[in-house]
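**Q** After the structure tokens below, expect a handful of questions from me.
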Amino acid sequence: METSNRYDGIGAALALALLLLGLGSLPSADPPLVSGSSPCPEPGYIEAAGTIPEPGVFAFCSENVTMADIFLRAKGLPCDLAGDPAWTQQCIPSGTRVVFGGVRPQPEIRLEPMSAFHRMTLGMAVPLNRVPEEELTALPGVGTELARAIVEHRREAGGFGRTEDLLNVRGIGTGILDRLRPHVVVP
């Protein structure tokens, strides 16, 4: 009799474990990060921040992402912008940070570049001419002193015309340039 009860307990525990594993594999009620039935070869990323219900970084398969798409992912429309085609139909490029703020009747939406830290995490190139000094440290091989030298050279030269111009920065040689090349872009 005792052997049968021990096996019943093991069977119940095994059934509970299988049930919990099965629940973990059920699809989420939230929309997928990347829409479509097959994975995107190169998704675009847009960050939503500020006074919205669910801020975050969202992946999109389409290159034509509108503000309305971002409103849907962030779970709501800020204030009275739902019917304003100037905002809802505006296309937002990948790598943009959309900051929602303000209060009725003057809602505010600001578009700014996504931080270099987010861009590096997502495998996106960092725009060399627009990134502040502290964010340059997200790049491989760039510490605070080299970031300062890059910004100083950028200011003196009026920006970088091409990636190879980094060789003119004190402290950057071909080795560091080769490490940086896949991670930076000069628009």
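All residue names refer to the structure tokens as shown: chains lettered A, B, ... in order, residues numbered from 1 in each chain, ligands numbered from 1 in order.
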Which residues are close to A:Pro113, i.e. within 8 Å by only C-alpha atoms, leaving aside same-chain residues fewer than 5 positions away? Reply as a PDB file with N, CA, C and O atoms, in the first residue's frame.
**A**
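Result went into selection_30.pdb, see below:
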```
ATOM      1  N   GLY A  95      15.782  53.670 -34.817  1.00  0.00           N
ATOM      2  CA  GLY A  95      16.812  54.341 -34.035  1.00  0.00           C
ATOM      3  C   GLY A  95      16.345  55.634 -33.401  1.00  0.00           C
ATOM      4  O   GLY A  95      17.129  56.367 -32.823  1.00  0.00           O
ATOM      5  N   THR A  96      15.033  55.888 -33.473  1.00  0.00           N
ATOM      6  CA  THR A  96      14.472  57.114 -32.907  1.00  0.00           C
ATOM      7  C   THR A  96      13.931  56.847 -31.514  1.00  0.00           C
ATOM      8  O   THR A  96      13.379  55.788 -31.236  1.00  0.00           O
ATOM      9  N   ARG A  97      14.072  57.831 -30.652  1.00  0.00           N
ATOM     10  CA  ARG A  97      13.460  57.825 -29.316  1.00  0.00           C
ATOM     11  C   ARG A  97      12.312  58.824 -29.361  1.00  0.00           C
ATOM     12  O   ARG A  97      12.520  59.998 -29.640  1.00  0.00           O
TER      13      ARG A  97
END
```
**Q** Any idea what's packed within 12 Å of A:Leu177, counting only C-alpha atoms, ignoring anything in its chain fewer than 4 positions away? Could you give it as a PDB file with all heavy atoms, in the first residue's frame?
**A**
```pdb
ATOM      1  N   LEU A 139      30.786  52.354 -27.154  1.00  0.00           N
ATOM      2  CA  LEU A 139      31.520  51.739 -28.266  1.00  0.00           C
ATOM      3  C   LEU A 139      32.692  50.912 -27.750  1.00  0.00           C
ATOM      4  O   LEU A 139      33.330  51.284 -26.757  1.00  0.00           O
ATOM      5  CB  LEU A 139      32.022  52.826 -29.221  1.00  0.00           C
ATOM      6  CG  LEU A 139      30.932  53.612 -29.936  1.00  0.00           C
ATOM      7  CD1 LEU A 139      31.519  54.850 -30.606  1.00  0.00           C
ATOM      8  CD2 LEU A 139      30.234  52.728 -30.951  1.00  0.00           C
ATOM      9  N   PRO A 140      33.014  49.800 -28.411  1.00  0.00           N
ATOM     10  CA  PRO A 140      34.122  48.950 -27.948  1.00  0.00           C
ATOM     11  C   PRO A 140      35.454  49.678 -28.035  1.00  0.00           C
ATOM     12  O   PRO A 140      35.784  50.282 -29.056  1.00  0.00           O
ATOM     13  CB  PRO A 140      34.079  47.750 -28.901  1.00  0.00           C
ATOM     14  CG  PRO A 140      33.326  48.214 -30.092  1.00  0.00           C
ATOM     15  CD  PRO A 140      32.390  49.280 -29.629  1.00  0.00           C
ATOM     16  N   GLY A 141      36.205  49.651 -26.936  1.00  0.00           N
ATOM     17  CA  GLY A 141      37.525  50.264 -26.907  1.00  0.00           C
ATOM     18  C   GLY A 141      37.525  51.756 -26.623  1.00  0.00           C
ATOM     19  O   GLY A 141      38.570  52.390 -26.632  1.00  0.00           O
ATOM     20  N   VAL A 142      36.344  52.338 -26.365  1.00  0.00           N
ATOM     21  CA  VAL A 142      36.263  53.779 -26.105  1.00  0.00           C
ATOM     22  C   VAL A 142      35.935  54.011 -24.629  1.00  0.00           C
ATOM     23  O   VAL A 142      34.861  53.650 -24.156  1.00  0.00           O
ATOM     24  CB  VAL A 142      35.196  54.457 -26.997  1.00  0.00           C
ATOM     25  CG1 VAL A 142      35.076  55.947 -26.655  1.00  0.00           C
ATOM     26  CG2 VAL A 142      35.530  54.269 -28.462  1.00  0.00           C
ATOM     27  N   ARG A 162      33.651  60.856 -42.880  1.00  0.00           N
ATOM     28  CA  ARG A 162      33.673  59.413 -43.125  1.00  0.00           C
ATOM     29  C   ARG A 162      34.282  58.734 -41.908  1.00  0.00           C
ATOM     30  O   ARG A 162      34.964  59.373 -41.094  1.00  0.00           O
ATOM     31  CB  ARG A 162      34.444  59.080 -44.399  1.00  0.00           C
ATOM     32  CG  ARG A 162      35.843  59.616 -44.424  1.00  0.00           C
ATOM     33  CD  ARG A 162      36.475  59.618 -45.821  1.00  0.00           C
ATOM     34  NE  ARG A 162      37.862  60.019 -45.673  1.00  0.00           N
ATOM     35  CZ  ARG A 162      38.898  59.225 -45.825  1.00  0.00           C
ATOM     36  NH1 ARG A 162      38.728  57.969 -46.181  1.00  0.00           N
ATOM     37  NH2 ARG A 162      40.122  59.672 -45.646  1.00  0.00           N
ATOM     38  N   THR A 163      34.056  57.467 -41.778  1.00  0.00           N
ATOM     39  CA  THR A 163      34.526  56.722 -40.614  1.00  0.00           C
ATOM     40  C   THR A 163      36.043  56.797 -40.469  1.00  0.00           C
ATOM     41  O   THR A 163      36.568  56.903 -39.364  1.00  0.00           O
ATOM     42  CB  THR A 163      34.070  55.249 -40.708  1.00  0.00           C
ATOM     43  OG1 THR A 163      32.663  55.212 -40.922  1.00  0.00           O
ATOM     44  CG2 THR A 163      34.390  54.484 -39.447  1.00  0.00           C
ATOM     45  N   GLU A 164      36.759  56.775 -41.596  1.00  0.00           N
ATOM     46  CA  GLU A 164      38.224  56.791 -41.566  1.00  0.00           C
ATOM     47  C   GLU A 164      38.786  58.068 -40.933  1.00  0.00           C
ATOM     48  O   GLU A 164      39.943  58.109 -40.525  1.00  0.00           O
ATOM     49  CB  GLU A 164      38.789  56.619 -42.975  1.00  0.00           C
ATOM     50  CG  GLU A 164      38.583  55.234 -43.553  1.00  0.00           C
ATOM     51  CD  GLU A 164      37.142  54.958 -43.981  1.00  0.00           C
ATOM     52  OE1 GLU A 164      36.358  55.916 -44.193  1.00  0.00           O
ATOM     53  OE2 GLU A 164      36.791  53.770 -44.076  1.00  0.00           O
ATOM     54  N   ASP A 165      37.978  59.130 -40.849  1.00  0.00           N
ATOM     55  CA  ASP A 165      38.426  60.372 -40.207  1.00  0.00           C
ATOM     56  C   ASP A 165      38.729  60.168 -38.726  1.00  0.00           C
ATOM     57  O   ASP A 165      39.399  60.996 -38.108  1.00  0.00           O
ATOM     58  CB  ASP A 165      37.376  61.479 -40.368  1.00  0.00           C
ATOM     59  CG  ASP A 165      37.237  61.936 -41.808  1.00  0.00           C
ATOM     60  OD1 ASP A 165      38.123  61.614 -42.630  1.00  0.00           O
ATOM     61  OD2 ASP A 165      36.235  62.611 -42.112  1.00  0.00           O
ATOM     62  N   LEU A 166      38.253  59.075 -38.158  1.00  0.00           N
ATOM     63  CA  LEU A 166      38.585  58.770 -36.761  1.00  0.00           C
ATOM     64  C   LEU A 166      40.091  58.598 -36.562  1.00  0.00           C
ATOM     65  O   LEU A 166      40.594  58.792 -35.454  1.00  0.00           O
ATOM     66  CB  LEU A 166      37.858  57.497 -36.303  1.00  0.00           C
ATOM     67  CG  LEU A 166      36.394  57.664 -35.924  1.00  0.00           C
ATOM     68  CD1 LEU A 166      35.722  56.303 -35.787  1.00  0.00           C
ATOM     69  CD2 LEU A 166      36.250  58.463 -34.647  1.00  0.00           C
ATOM     70  N   LEU A 167      40.804  58.258 -37.622  1.00  0.00           N
ATOM     71  CA  LEU A 167      42.260  58.109 -37.513  1.00  0.00           C
ATOM     72  C   LEU A 167      42.939  59.433 -37.160  1.00  0.00           C
ATOM     73  O   LEU A 167      44.075  59.439 -36.681  1.00  0.00           O
ATOM     74  CB  LEU A 167      42.843  57.548 -38.814  1.00  0.00           C
ATOM     75  CG  LEU A 167      42.497  56.086 -39.108  1.00  0.00           C
ATOM     76  CD1 LEU A 167      42.937  55.697 -40.516  1.00  0.00           C
ATOM     77  CD2 LEU A 167      43.130  55.175 -38.060  1.00  0.00           C
ATOM     78  N   ASN A 168      42.254  60.548 -37.355  1.00  0.00           N
ATOM     79  CA  ASN A 168      42.798  61.856 -37.004  1.00  0.00           C
ATOM     80  C   ASN A 168      42.610  62.199 -35.532  1.00  0.00           C
ATOM     81  O   ASN A 168      43.084  63.233 -35.071  1.00  0.00           O
ATOM     82  CB  ASN A 168      42.146  62.952 -37.863  1.00  0.00           C
ATOM     83  CG  ASN A 168      42.440  62.752 -39.334  1.00  0.00           C
ATOM     84  OD1 ASN A 168      43.519  62.330 -39.709  1.00  0.00           O
ATOM     85  ND2 ASN A 168      41.451  63.052 -40.165  1.00  0.00           N
ATOM     86  N   VAL A 169      41.919  61.348 -34.808  1.00  0.00           N
ATOM     87  CA  VAL A 169      41.699  61.560 -33.380  1.00  0.00           C
ATOM     88  C   VAL A 169      42.882  60.986 -32.611  1.00  0.00           C
ATOM     89  O   VAL A 169      43.285  59.839 -32.838  1.00  0.00           O
ATOM     90  CB  VAL A 169      40.379  60.886 -32.918  1.00  0.00           C
ATOM     91  CG1 VAL A 169      40.199  60.997 -31.414  1.00  0.00           C
ATOM     92  CG2 VAL A 169      39.194  61.480 -33.654  1.00  0.00           C
ATOM     93  N   ARG A 170      43.412  61.803 -31.695  1.00  0.00           N
ATOM     94  CA  ARG A 170      44.526  61.356 -30.862  1.00  0.00           C
ATOM     95  C   ARG A 170      44.093  60.125 -30.064  1.00  0.00           C
ATOM     96  O   ARG A 170      43.062  60.141 -29.395  1.00  0.00           O
ATOM     97  CB  ARG A 170      44.937  62.493 -29.914  1.00  0.00           C
ATOM     98  CG  ARG A 170      46.064  62.160 -28.988  1.00  0.00           C
ATOM     99  CD  ARG A 170      46.443  63.251 -28.008  1.00  0.00           C
ATOM    100  NE  ARG A 170      45.495  64.121 -27.344  1.00  0.00           N
ATOM    101  CZ  ARG A 170      44.452  63.816 -26.593  1.00  0.00           C
ATOM    102  NH1 ARG A 170      44.103  62.614 -26.430  1.00  0.00           N
ATOM    103  NH2 ARG A 170      43.708  64.700 -26.015  1.00  0.00           N
ATOM    104  N   GLY A 171      44.818  59.025 -30.202  1.00  0.00           N
ATOM    105  CA  GLY A 171      44.522  57.796 -29.470  1.00  0.00           C
ATOM    106  C   GLY A 171      43.844  56.720 -30.307  1.00  0.00           C
ATOM    107  O   GLY A 171      43.632  55.615 -29.830  1.00  0.00           O
ATOM    108  N   ILE A 172      43.497  57.051 -31.550  1.00  0.00           N
ATOM    109  CA  ILE A 172      42.859  56.042 -32.404  1.00  0.00           C
ATOM    110  C   ILE A 172      43.800  55.670 -33.535  1.00  0.00           C
ATOM    111  O   ILE A 172      44.242  56.528 -34.301  1.00  0.00           O
ATOM    112  CB  ILE A 172      41.515  56.545 -32.990  1.00  0.00           C
ATOM    113  CG1 ILE A 172      40.513  56.765 -31.864  1.00  0.00           C
ATOM    114  CG2 ILE A 172      40.956  55.535 -34.001  1.00  0.00           C
ATOM    115  CD1 ILE A 172      39.138  57.198 -32.310  1.00  0.00           C
ATOM    116  N   GLY A 173      44.110  54.386 -33.590  1.00  0.00           N
ATOM    117  CA  GLY A 173      44.919  53.847 -34.675  1.00  0.00           C
ATOM    118  C   GLY A 173      44.075  52.877 -35.483  1.00  0.00           C
ATOM    119  O   GLY A 173      42.856  52.754 -35.281  1.00  0.00           O
ATOM    120  N   ARG A 181      34.592  50.340 -36.647  1.00  0.00           N
ATOM    121  CA  ARG A 181      33.967  50.439 -37.981  1.00  0.00           C
ATOM    122  C   ARG A 181      32.575  49.786 -38.070  1.00  0.00           C
ATOM    123  O   ARG A 181      31.644  50.407 -38.568  1.00  0.00           O
ATOM    124  CB  ARG A 181      34.901  49.855 -39.043  1.00  0.00           C
ATOM    125  CG  ARG A 181      34.488  50.188 -40.454  1.00  0.00           C
ATOM    126  CD  ARG A 181      35.431  49.565 -41.470  1.00  0.00           C
ATOM    127  NE  ARG A 181      36.839  49.855 -41.277  1.00  0.00           N
ATOM    128  CZ  ARG A 181      37.463  50.943 -41.724  1.00  0.00           C
ATOM    129  NH1 ARG A 181      36.790  51.845 -42.398  1.00  0.00           N
ATOM    130  NH2 ARG A 181      38.748  51.110 -41.510  1.00  0.00           N
ATOM    131  N   PRO A 182      32.358  48.554 -37.576  1.00  0.00           N
ATOM    132  CA  PRO A 182      31.021  47.966 -37.711  1.00  0.00           C
ATOM    133  C   PRO A 182      29.972  48.593 -36.804  1.00  0.00           C
ATOM    134  O   PRO A 182      28.784  48.329 -36.939  1.00  0.00           O
ATOM    135  CB  PRO A 182      31.219  46.489 -37.358  1.00  0.00           C
ATOM    136  CG  PRO A 182      32.568  46.356 -36.782  1.00  0.00           C
ATOM    137  CD  PRO A 182      33.331  47.605 -37.045  1.00  0.00           C
ATOM    138  N   HIS A 183      30.409  49.427 -35.856  1.00  0.00           N
ATOM    139  CA  HIS A 183      29.486  49.951 -34.850  1.00  0.00           C
ATOM    140  C   HIS A 183      29.138  51.413 -35.029  1.00  0.00           C
ATOM    141  O   HIS A 183      28.323  51.952 -34.274  1.00  0.00           O
ATOM    142  CB  HIS A 183      30.073  49.748 -33.456  1.00  0.00           C
ATOM    143  CG  HIS A 183      30.401  48.326 -33.165  1.00  0.00           C
ATOM    144  ND1 HIS A 183      29.422  47.366 -32.956  1.00  0.00           N
ATOM    145  CD2 HIS A 183      31.593  47.684 -33.081  1.00  0.00           C
ATOM    146  CE1 HIS A 183      30.017  46.192 -32.741  1.00  0.00           C
ATOM    147  NE2 HIS A 183      31.313  46.362 -32.813  1.00  0.00           N
ATOM    148  N   VAL A 184      29.773  52.112 -35.978  1.00  0.00           N
ATOM    149  CA  VAL A 184      29.504  53.533 -36.167  1.00  0.00           C
ATOM    150  C   VAL A 184      29.060  53.817 -37.588  1.00  0.00           C
ATOM    151  O   VAL A 184      29.335  53.063 -38.506  1.00  0.00           O
ATOM    152  CB  VAL A 184      30.740  54.406 -35.823  1.00  0.00           C
ATOM    153  CG1 VAL A 184      31.119  54.277 -34.358  1.00  0.00           C
ATOM    154  CG2 VAL A 184      31.916  54.092 -36.706  1.00  0.00           C
TER     155      VAL A 184
END
```
**Q** Separation of atom CA of A:Gly56 and atom CA of A:Ser94, in Å?
**A**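 That distance, rounded to one decimal, is 13.9 Å.
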**Q** Looking at only C-alpha atoms, which of A:Arg130, A:His118, A:Arg154, A:Arg110 is the one that sits closest to A:Pro187?
**A**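 Using only C-alpha atoms, the shortest distance to A:Pro187 belongs to A:Arg130.
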**Q** In Å, with one decimal, what is the gap from atom CA of A:Glu134 to atom CA of A:Ser115?
**A**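 Going from atom CA of A:Glu134 over to atom CA of A:Ser115 covers 10.2 Å.
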**Q** Running DSSP on the backbone, which parts of stretch 53-157 of chain A land in strand (DSSP E or B), as a VMD selection string?
**A** chain A and resid 56 to 60 66 91 96 to 103 106 to 113 126 to 127
**Q** Hey, can you check how far atom CA of A:Glu42 sits from atom CA of A:Leu136?
**A** 23.7 Å
**Q** Name the closest residue to A:Pro127 among the candidates A:Ile92, A:Leu72, A:Val98, A:Met114; distances are taken between atoms, counting only C-alpha atoms.
**A**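 Of all the options, A:Met114 lies closest to A:Pro127.
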**Q** Can you pull out the residues contacting A:Ile46? Cut-off 12 Å, using only C-alpha atoms, and skip same-chain residues under 6 positions away; I want them as a ChimeraX atom specification.
**A** /A:33-34,55-67,69-71,73-74,91-99,111-115,118-119,122,124
